[in-house]
Structures are given as C-alpha cells and as structure tokens.
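One structure is given here, and the rest of the page talks about it.
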Amino acid sequence: MPATEQGAEKLMQESVKKRGLELQWQMLIGFMVGLVLGLIVYTTQQDARWVEIVTTYVTQPIGQIFLRLLFMLVIPLLFSALVVGISEMGEVRSLKRVGLRTLAYTVIVSSIAVAVSLAVVNILKPGAGVDRAAANAMLEESAGRAGEIVQAGAEQPSGIDAFVTIIPNNLVEALGSNSAILSVMFFALFFGIGLLLTDTPNSRVLQRGFEGLFDVTMRLILIVIRLAPIAVACFMFNLAALFGWELLIRLSAYVGVVLLALAIQMFVVFPILLSTLGKKNPLAFFRETQEASLMAFSTASSNATLPTALRVADEKLHLPRRVSRFVLTIGATANQNGTAMFEGVTVIFLAQFFGIELSLGQQVMVMLVCILGGIGTAGVPAGSLPVVALILAMVGIRPEAIALVLGVDRFLDMCRTTLNVVGDLVAAQVISSAEPEAEVVIEGAQPA
C-alpha cells in the first residue's frame with residue numbers, strides 16, 4: 001500500500017477513535033437540526049427581523065469560515081495526491097507497462113463514467129423547477145467571497161480558450177485561484193510524470209516530501225471536517241428557511257439520479273468491459289467479488305477495503321499477484337469511478353437548483369475536473385466533498401450549496417465507494433487478461 005494511502009487510512013482511523021459519535025451521525029444530526037429549524041422559520045417566521053440578523057451575522061459567517069478552511073487545504077491536498085499517485089506508478093520497473101495500462105484504463109473508464117452521469121442528470125434534471133426568483137435572491141444575498149466566486153464564474157473563458165488556459169503560464173497565480181484548479185491539476189500530472197521518469201536519490205527524497213505534504217494536509221482536513229456538523233446545521237437553516245418543503249422534494253430526486261447513474265456504470269458498463277476485455281463472465285465476477293462489495297458499502301472507504309479486495313483478487317478471481325496488487329493499490333486512490341460520477345451529478349444538480357445555466361464547454365470542464373478529482377481524491381469517507389466545493393466555485397456556484405447534499409452524503413458515499421472498489425477489481429481483471437501469463441492463470445482458476 002503506498003504511503004499516501006497508509007497515511008490517509010491511519011489518520012482516518014485515529015480521528016474516528018477520538019470521537020464518541022461517528023462523524024456521519026454528527027453530520028446527519030446537524031443536517032436534521034438545521035433543516036427542521038429552517039422549515040419552522042419558513043412556515044411561521046419567514047419575514048421576522050431576527051431571522052435576517054441570525055442568518056447574516058451568525059449562520060452565514062460560520063459556514064463561510066468552514067468553506068474557507070476547506071479551500072485553504074484542498075489545493076495542497078489534490079496537488080500532493082496527484083503528484084505522488086502518478087509517480088508511484090513507476091515505483092517498480094517491472095510494472096511500468098502495467099502502470100501505463102492502468103493509467104490509460106483509469107482515464108478512459110472514468111471518462112465514460114462521468115459522461116454517463118452528466119447525461120443522466122441533464123436528461124432527468126433533478127434540480128430544475130425551483131422558483132428562480134427565490135434562488136436568485138439567495139445568490140444575491142451572498143457577499144464577499146461568494147460574490148467574487150459568482151463573478152469569476154461568469155468571466156470563465158469558453159471554447160478553445162478554455163482548453164488553452166488549462167496550461168498555466170504562472171503556477172503561483174494558478175495556485176492562488178480556485179477557478180484555475182484545472183491548471184493546478186495539469187501541472188501536478190506533468191510534475192508527477194517527471195518524477196515517474198526521474199529515478200535519482202534526490203527525486204526519491206522529493207517524492208517522500210510530497211507524501212509528507214499529503215499526510216499533513218489530510219491531518220488538517222480531518223480537523224476541519226470535525227466542524228462540519230455545525231456548518232451543516234447553519235447551511236441547512238439558511239436553505240430551508242428560504243426554500244421550505246421544496247428542498248425535500250429536490251433532494252429525493254437528486255438521490256435517485258445519483259443511484260441511477262451508479263447503477264448504469266455498475267450493471268451496464270462494467271459487464272461490457274468484463275465480457276469483452278476481461279474474458280470473464282460478469283455474473284461469476286459479481287458473485288466472486290461480493291465480499292469486497294459488502295466491505296466497501298459498510299466502511300465507505302476504498303482504503304479500508306483494500307486488504308479485502310487484494311484477497312478477493314487472489315483467492316476468488318485468481319489474478320496474477322504482481323498485477324492485482326499494483327492495480328488495486330493504485331486504484332484505491334486513482335480509479336474512483338463512483339466518486340467522479342457523484343461529483344459530476346452533484347455539480348450539475350446544484351447548478352440546476354440555483355438556475356445557473358452551464359454551457360457545454362463548462363460541463364466539459366466539469367467532466368475533466370471530475371476525472372482528475374477522482375484520481376486525486378483520498379479514498380476515505382467524505383473525501384470528495386472538498387473537491388465538489390472547489391468545482392462549484394470554479395463554475396460560479398455558491399460553495400455553500402454543497403450543504404444541500406451533506407445530509408444524504410453518507411448513504412451516497414457508501415454506494416459510490418462500492419462502485420469504486422468493484423471498478424478497481426474490474427480494472428485488475430481487464431489488465432490481468434492482457435498480460436502474457438494471464439491466460440494460464442485464468443484457465444487455471446476454479447470454475448465459476
């Protein structure tokens with residue numbers, strides 16, 4: 001297991017041990033408290049002066065502080081995770097060929113996953129139909145940082161200029177801008193490839209330095225995430241006090257769309273890959289990997305499920321160990337189809353909810369960031385939330401809008417983690433089948 005994954009999993013476990021009530025339950029309680037109080041205010045005290053005072057001077061500032069802390073840490077987190085993740089693919093010379101195949105497979109299948117999710121959310125439009133006047137009023141009420149974000153989103157380049165500007169001409173300027181996240185990710189990938197191709201004592205020291213940066217940033221992220229229950233309660237109070245019962249209807253539609261997109265990837269795309277490229281019966285595959293699926297669903301952590309996935313690949317799928325260990329270890333961080341799909345659906349849903357029209361070019365940008373975000377997101381519970389907040393800012397959506405989905409995130413996290421882990425095993429099966437010795441290994445497997 002790479003150092004980044006070991007560090008993330010260790011930090012997550014230590015953080016859980018220090019809390020009496022698990023974070024997901026704290027967040028759910030905060031979600032419900034804010035929602036219920038907001039609905040009561042919406043029904044009985046909507047025009048009261050004290051409501052405006054509370055939202056302006058108490059709940060909104062608390063939410064802003066929480067988001068600013070996330071934004072402060074998410075760039076170094078993604079940067080270090082991407083650099084180390086790419087550089088570790090060449091850690092063992094004999095696996096470079098497998099590493100390149102793994103990278104190509106990850107990018108292609110993640111692209112399919114995000115395309116599926118964007119198609120589903122655009123066709124079904126779970127966030128459409130909200131009162132535009134109320135949504136616009138909520139956007140206009142935001143001040144300071146949120147106002148700057150909306151303005152920056154409107155000034156984003158489009159067409160060919162959007163692709164040209166992905167390559168940064170000033171890295172320091174890109175690091176200081178949330179809207180330049182693609183430029184930062186491009187440089188991180190480019191830098192990671194440089195570390196992959198450079199095998200010197202100094203480059204190995206530099207790689208360990210990035211691993212340390214990842215560990216430190218993860219520690220700070222976990223500290224900030226402890227404030228999430230309070231921030232969620234504040235966010236939901238503001239939202240429910242404005243949108244009322246319509247909020248519940250839209251949330252149920254959102255959950256249904258996320259589950260539908262995940263199901264298409266799981267039961268349509270994966271079986272096609274298995275039967276055509278993986279030389280494996282899909283029904284037999286799902287039966288043999290059900291232990292890893294259940295572990296992923298219960299833990300909501302790709303990293304925590306990695307030992308089980310390795311054992312399943314060895315004992316049930318009978319894949320070559322040198323291939324399965326490499327692919328699954330890298331995949332626990334890099335090949336996160338479910339996470340990429342969740343991020344894509346969430347961003348488009350929130351854009352629909354607030355009546356913000358995203359052009360085709362902007363949606364392609366969202367797709368690219370979701371693919372790269374899936375590679376760079378830590379495989380721990382709620383690891384994708386900072387990335388979602390950053391993407392929202394990039395396309396001109398209030399980052400506070402992420403509060404809409406936090407209450408249902410734990411259940412969706414369990415579902416998308418299951419897809420992540422199964423996707424890693426599919427990748428191991430497909431890549432193993434292309435290896436010279438794969439035919440012997442697969443033929444020697446126990447009959448399905």
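Residues in the structure tokens are named by chain (A, B, ... in the order shown) and by number from 1 within that chain; ligands are numbered from 1 in the order shown.
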### Task
Would you mind listing what lies within 6 Å of range 251-256 of chain A as a list in words, with only C-alpha atoms counted and same-chain residues fewer than 3 positions away left out?
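Counting only C-alpha atoms, the residues come to Pro126, Leu248 and Leu259 of chain A.
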Residues of range 295-377 of chain A within 12 Å of range 278-282 of chain A: nearest atom pair and distance (Å, one decimal) for each, counting only C-alpha atoms, sorted by chain and number, as a tab-separated table?
residue	atom	partner	partner_atom	distance
A:Leu317	CA	A:Lys280	CA	9.5
A:His318	CA	A:Lys280	CA	11.6
A:Leu319	CA	A:Gly278	CA	11.1
### Task
Within range 154-399 of chain A, find each residue whose DSSP state, derived from the backbone, is alpha helix (DSSP H), and express the selection as a ChimeraX atom specification.
/A:154,160-164,171-175,181-197,201-225,228-243,246-264,270-276,282-288,290-299,302-315,321-334,337-353,360-376,385-394
#### Entry: Neighbour list for Leu368 in chain A as a list in words, cut-off 10 Å, only C-alpha atoms, skip fewer than 3 positions in-chain
Val107, Ser110, Ser111, Val114, Leu182, Ala340, Gly344, Gln362, Gln363, Val364, Met365, Ile371, Leu372, Gly373 and Gly374 of chain A
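Here the question is which of A:Ile40, A:Leu283, A:Val268, A:Val387 gets nearest to Pro76 in chain A using only C-alpha atoms, and that residue is A:Val387.
We find CA of Ser87 in chain A and CA of Ile193 in chain A to be spaced 6.1 Å apart.
In this comparison, which uses only C-alpha atoms, the residue of A:Ala292, A:Leu77, A:Leu412, A:Met394 approaching Phe342 in chain A most closely is A:Leu412.
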